[in-house]
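Asker: Got a structure for you, written out below as structure tokens; questions coming shortly.
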Amino acid sequence: MHALTASSLLRVWERGAWQSSVVQALSLLAEAIPKTAVSDLARLPIGRRDALLLALREQLFGSRVQTVVVCPQCQDSLDLVFEVDQIRVPLKSETQEECVCDVDDYQVTFRLPTSEDLLMVVHEPDAAAAKQLLLERCLLRVVHHGEATTELPSPLAEPVIAQMAEVDPQGDVELAVTCAACGYQWQVLFDIASFVWREIGAWAKRLLGEVHLLASAYGWAEDDILRMTAWRRQCYLDMVQG
Ligand SMILES: [Zn+2]
């Protein structure tokens, strides 16, 4: 994975500001892994994509993750702190192209959802319809009592989706949280794609503020300021801010 410069990361952030989270994640990975075609990145199962995003996040901001969650019972805010390694699932050496599961009398063959699939359903306003569409895209074969059928009965959709999550656990990271104030316990979904994008947004705004201060004080060009190491920029900022 390629180390991103401040100006390349800033460019990805600016380009992605009004894009969907799926496109943002792909743009980040395309910048960090220029040798892999974007179309190939888009065809990675979500868990494989998220493993790459975790590695990128670690490279950009370190291994400690800090986020805030709100308790659904007492509305108290809780700081959630963990290491990237705690949510990293060991990667299987071979990628499974097809997975088979038995649900009731049905044998269902599916593939894992990819960014390409998510892009096809991202504009669907109804969440249930989007989920159904995603499932239909990923179903390869449905066999009932030895006979191939075209449809999966709707009550079987949830168990099949649960199987998909089980096969690709990195794409569905849930954290067990206990509220310190009221003791309530629940599961929080941790989506690395939107999380790292929020972090990049905060970083970019901080960096633009630094550029603003240094450009105002010294008249330097944005490019020159961005090419400095963060440490050197900070030395000048300390002098400017006295
Ligand atoms: Zn609580």
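Starting from 1 in every chain, residues are counted up; chains themselves are A, B, ... following the order of the structure tokens, and ligands are numbered from 1 as listed.
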Counting only C-alpha atoms and all ligand atoms, what are the residues, protein, DNA or RNA alike, that approach ligand 1 to within 6 Å? I want them as a compact mmCIF listing (two decimals) with C-alpha atoms, in the first residue's frame.

Answerer:
# COMPACT_ATOMS: atom_id res chain seq x y z
CA CYS A 71 -26.56 4.90 24.73
CA GLN A 73 -31.43 3.70 26.81
CA CYS A 74 -30.18 6.77 28.74
CA ASP A 76 -25.45 9.27 27.64
CA CYS A 179 -23.13 1.82 29.04
CA ALA A 181 -24.01 5.12 33.30
CA CYS A 182 -26.96 2.68 33.17
CA TYR A 184 -27.38 -1.19 29.17

Asker: Would you give me, as a PyMOL selection string, the residues in stretch 71-228 of chain A that DSSP reads as strand (DSSP E)?

Answerer: chain A and resi 77-83+99-103+106-110+139-144+147-149+173-178+185-190

Asker: Excluding A:Ser115 and its own-chain neighbours fewer than 2 positions away, which residues fall within 9 Å of it when counting only C-alpha atoms? Please give them as an MDAnalysis selection string.

Answerer: chainID A and resid 22:23 25:26 41:46 49 113 117:120

Asker: Using only C-alpha atoms for the distances, tell me which of A:Met239, A:Ala193, A:Ala129, A:Ala3 is nearest to A:Leu213.

Answerer: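 Using only C-alpha atoms, the shortest distance to A:Leu213 belongs to A:Met239.
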
Asker: So that I can check the surroundings of A:Arg233, please list as a list in words every protein, DNA and RNA residue that reaches within 12 Å of it, counting only C-alpha atoms and ignoring chain neighbours fewer than 3 positions away.

Answerer: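 Contacts, in chain order: Ala6, Leu207, Leu208, Gly209, Glu210, Val211, His212, Leu213, Leu214, Ala215, Trp220, Glu222, Asp224, Ile225, Leu226, Arg227, Met228, Thr229, Ala230, Tyr236, Leu237, Asp238, Met239 and Val240 of chain A.
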
Asker: Produce a file of the selected residues containing N, CA and C atoms, as a PDB file, in the first residue's frame.

Answerer:
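Result file is selection.pdb:
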ATOM      1  N   ALA A   6       0.033  14.470   1.725  1.00  0.00           N
ATOM      2  CA  ALA A   6      -1.026  15.366   2.190  1.00  0.00           C
ATOM      3  C   ALA A   6      -1.836  15.895   1.008  1.00  0.00           C
ATOM      4  N   LEU A 207      -5.923  20.861   8.373  1.00  0.00           N
ATOM      5  CA  LEU A 207      -4.788  21.152   7.499  1.00  0.00           C
ATOM      6  C   LEU A 207      -5.017  22.443   6.707  1.00  0.00           C
ATOM      7  N   LEU A 208      -6.232  22.632   6.192  1.00  0.00           N
ATOM      8  CA  LEU A 208      -6.526  23.859   5.437  1.00  0.00           C
ATOM      9  C   LEU A 208      -6.388  25.085   6.347  1.00  0.00           C
ATOM     10  N   GLY A 209      -6.753  24.915   7.623  1.00  0.00           N
ATOM     11  CA  GLY A 209      -6.588  26.006   8.593  1.00  0.00           C
ATOM     12  C   GLY A 209      -5.111  26.358   8.756  1.00  0.00           C
ATOM     13  N   GLU A 210      -4.263  25.321   8.784  1.00  0.00           N
ATOM     14  CA  GLU A 210      -2.815  25.548   8.914  1.00  0.00           C
ATOM     15  C   GLU A 210      -2.272  26.256   7.675  1.00  0.00           C
ATOM     16  N   VAL A 211      -2.745  25.794   6.496  1.00  0.00           N
ATOM     17  CA  VAL A 211      -2.304  26.425   5.241  1.00  0.00           C
ATOM     18  C   VAL A 211      -2.710  27.896   5.260  1.00  0.00           C
ATOM     19  N   HIS A 212      -3.929  28.156   5.700  1.00  0.00           N
ATOM     20  CA  HIS A 212      -4.437  29.530   5.752  1.00  0.00           C
ATOM     21  C   HIS A 212      -3.532  30.415   6.630  1.00  0.00           C
ATOM     22  N   LEU A 213      -3.179  29.903   7.799  1.00  0.00           N
ATOM     23  CA  LEU A 213      -2.345  30.691   8.724  1.00  0.00           C
ATOM     24  C   LEU A 213      -0.960  30.951   8.139  1.00  0.00           C
ATOM     25  N   LEU A 214      -0.348  29.887   7.570  1.00  0.00           N
ATOM     26  CA  LEU A 214       1.014  30.034   7.050  1.00  0.00           C
ATOM     27  C   LEU A 214       1.047  30.874   5.777  1.00  0.00           C
ATOM     28  N   ALA A 215       0.037  30.681   4.911  1.00  0.00           N
ATOM     29  CA  ALA A 215      -0.003  31.472   3.675  1.00  0.00           C
ATOM     30  C   ALA A 215      -0.226  32.947   4.022  1.00  0.00           C
ATOM     31  N   TRP A 220       3.395  32.046   1.360  1.00  0.00           N
ATOM     32  CA  TRP A 220       3.815  30.828   0.652  1.00  0.00           C
ATOM     33  C   TRP A 220       2.640  30.223  -0.112  1.00  0.00           C
ATOM     34  N   GLU A 222       0.183  27.193  -1.491  1.00  0.00           N
ATOM     35  CA  GLU A 222      -0.439  26.025  -0.843  1.00  0.00           C
ATOM     36  C   GLU A 222       0.407  24.764  -1.052  1.00  0.00           C
ATOM     37  N   ASP A 224       3.588  24.372  -1.599  1.00  0.00           N
ATOM     38  CA  ASP A 224       4.824  24.368  -0.802  1.00  0.00           C
ATOM     39  C   ASP A 224       4.527  24.027   0.656  1.00  0.00           C
ATOM     40  N   ILE A 225       3.444  24.573   1.166  1.00  0.00           N
ATOM     41  CA  ILE A 225       3.092  24.310   2.571  1.00  0.00           C
ATOM     42  C   ILE A 225       2.705  22.836   2.749  1.00  0.00           C
ATOM     43  N   LEU A 226       1.954  22.290   1.770  1.00  0.00           N
ATOM     44  CA  LEU A 226       1.526  20.886   1.872  1.00  0.00           C
ATOM     45  C   LEU A 226       2.702  19.919   1.750  1.00  0.00           C
ATOM     46  N   ARG A 227       3.742  20.331   1.026  1.00  0.00           N
ATOM     47  CA  ARG A 227       4.896  19.434   0.847  1.00  0.00           C
ATOM     48  C   ARG A 227       5.756  19.314   2.102  1.00  0.00           C
ATOM     49  N   MET A 228       5.588  20.252   3.054  1.00  0.00           N
ATOM     50  CA  MET A 228       6.366  20.168   4.310  1.00  0.00           C
ATOM     51  C   MET A 228       5.884  18.985   5.138  1.00  0.00           C
ATOM     52  N   THR A 229       6.743  18.478   6.015  1.00  0.00           N
ATOM     53  CA  THR A 229       6.277  17.455   6.946  1.00  0.00           C
ATOM     54  C   THR A 229       5.370  18.149   7.970  1.00  0.00           C
ATOM     55  N   ALA A 230       4.502  17.368   8.605  1.00  0.00           N
ATOM     56  CA  ALA A 230       3.573  17.931   9.595  1.00  0.00           C
ATOM     57  C   ALA A 230       4.377  18.610  10.717  1.00  0.00           C
ATOM     58  N   TYR A 236       6.644  26.157  12.187  1.00  0.00           N
ATOM     59  CA  TYR A 236       6.301  27.509  11.702  1.00  0.00           C
ATOM     60  C   TYR A 236       5.046  28.038  12.369  1.00  0.00           C
ATOM     61  N   LEU A 237       4.048  27.121  12.548  1.00  0.00           N
ATOM     62  CA  LEU A 237       2.798  27.553  13.184  1.00  0.00           C
ATOM     63  C   LEU A 237       3.058  28.062  14.600  1.00  0.00           C
ATOM     64  N   ASP A 238       3.964  27.367  15.324  1.00  0.00           N
ATOM     65  CA  ASP A 238       4.302  27.796  16.688  1.00  0.00           C
ATOM     66  C   ASP A 238       4.879  29.215  16.664  1.00  0.00           C
ATOM     67  N   MET A 239       5.694  29.493  15.625  1.00  0.00           N
ATOM     68  CA  MET A 239       6.310  30.841  15.538  1.00  0.00           C
ATOM     69  C   MET A 239       5.245  31.890  15.195  1.00  0.00           C
ATOM     70  N   VAL A 240       4.348  31.520  14.265  1.00  0.00           N
ATOM     71  CA  VAL A 240       3.294  32.459  13.861  1.00  0.00           C
ATOM     72  C   VAL A 240       2.382  32.780  15.032  1.00  0.00           C
TER      73      VAL A 240
END

Asker: Excluding A:Ala32 and any residue of its chain fewer than 5 positions from it, enumerate the residues within 12 Å of it, using only C-alpha atoms, and give them as a list in words.

Answerer: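 In the requested format, the answer is Met1, His2, Ala3, Leu4, Thr5, Ser8, Leu9, Val12, Ala25, Leu26, Ser27, Ala37, Val38, Leu41, Leu52, Leu53, Ala55, Leu56, Arg57, Gln59 and Leu60 of chain A.
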
Asker: Which polymer residues have any atom within 10 Å of an atom of A:Leu112, counting only C-alpha atoms, with same-chain residues fewer than 4 positions away left out, as a PyMOL selection string?

Answerer: chain A and resi 43-47+96-99+117+134-135+137-139+161+163-165+167-168+171

Asker: Can I get the selected residues back with C-alpha atoms, as a short mmCIF file (atom, residue, chain, number, x, y, z; two decimals), in the first residue's frame?

Answerer:
data_model
loop_
_atom_site.label_atom_id
_atom_site.label_comp_id
_atom_site.auth_asym_id
_atom_site.auth_seq_id
_atom_site.Cartn_x
_atom_site.Cartn_y
_atom_site.Cartn_z
CA ARG A 43 -15.34 -6.31 -7.30
CA LEU A 44 -13.76 -7.18 -3.94
CA PRO A 45 -16.16 -8.56 -1.32
CA ILE A 46 -16.96 -5.83 1.24
CA GLY A 47 -14.91 -7.57 3.93
CA GLN A 96 -14.47 -18.09 -1.99
CA GLU A 97 -16.21 -17.27 -5.24
CA GLU A 98 -19.37 -19.16 -4.32
CA CYS A 99 -20.88 -20.07 -0.97
CA ASP A 117 -23.32 -4.32 -5.96
CA LEU A 134 -28.68 -6.60 -3.19
CA LEU A 135 -29.69 -10.14 -2.24
CA ARG A 137 -27.83 -9.65 -7.32
CA CYS A 138 -25.82 -12.02 -5.16
CA LEU A 139 -28.00 -15.13 -5.49
CA ILE A 161 -28.23 -12.52 4.52
CA GLN A 163 -25.06 -16.46 6.25
CA MET A 164 -23.42 -13.87 4.00
CA ALA A 165 -22.35 -11.86 7.05
CA VAL A 167 -18.87 -15.87 5.61
CA ASP A 168 -17.54 -12.29 5.36
CA GLY A 171 -17.66 -6.60 6.22
#

Asker: List every residue of stretch 91-227 of chain A that DSSP, applied to the backbone of this structure, places in alpha helix (DSSP H), and write the result as a PyMOL selection string.

Answerer: chain A and resi 115-121+127-138+157-167+192-218+222-227

Asker: Point out the residue among A:Leu78, A:Ser63, A:Ala162, A:Glu83 with the least atom-to-atom distance to A:Val103, counting only C-alpha atoms.

Answerer: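 Ranked by minimum distance to A:Val103, first place goes to A:Ala162.
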
Asker: Suppose you want the space between atom CA of A:Thr67 and atom CA of A:Leu80; what is it in Å?

Answerer: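 Atom CA of A:Thr67 sits 5.2 Å away from atom CA of A:Leu80.
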
Asker: Skip A:Val188 itself and residues of its chain fewer than 2 positions away, then list as a VMD selection string all residues within 8 Å of it, counting only C-alpha atoms.

Answerer: chain A and resid 174 to 177 186 190

Asker: Would you please work out which residue, of A:Arg48, A:Tyr106, A:Gln66, A:Leu152, is nearest to A:Asp79 when using only C-alpha atoms?

Answerer: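 Checking each candidate against A:Asp79, we get A:Gln66 as the closest.
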
Asker: Would you please work out which residue, of A:Val160, A:Leu28, A:Val108, A:Ala180, is nearest to A:Ser194 when using only C-alpha atoms?

Answerer: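 Smallest distance to A:Ser194 is found for A:Leu28.
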
Asker: By how many Å are atom CA of A:Ser216 and atom CA of A:Phe61 apart?

Answerer: 27.6 Å
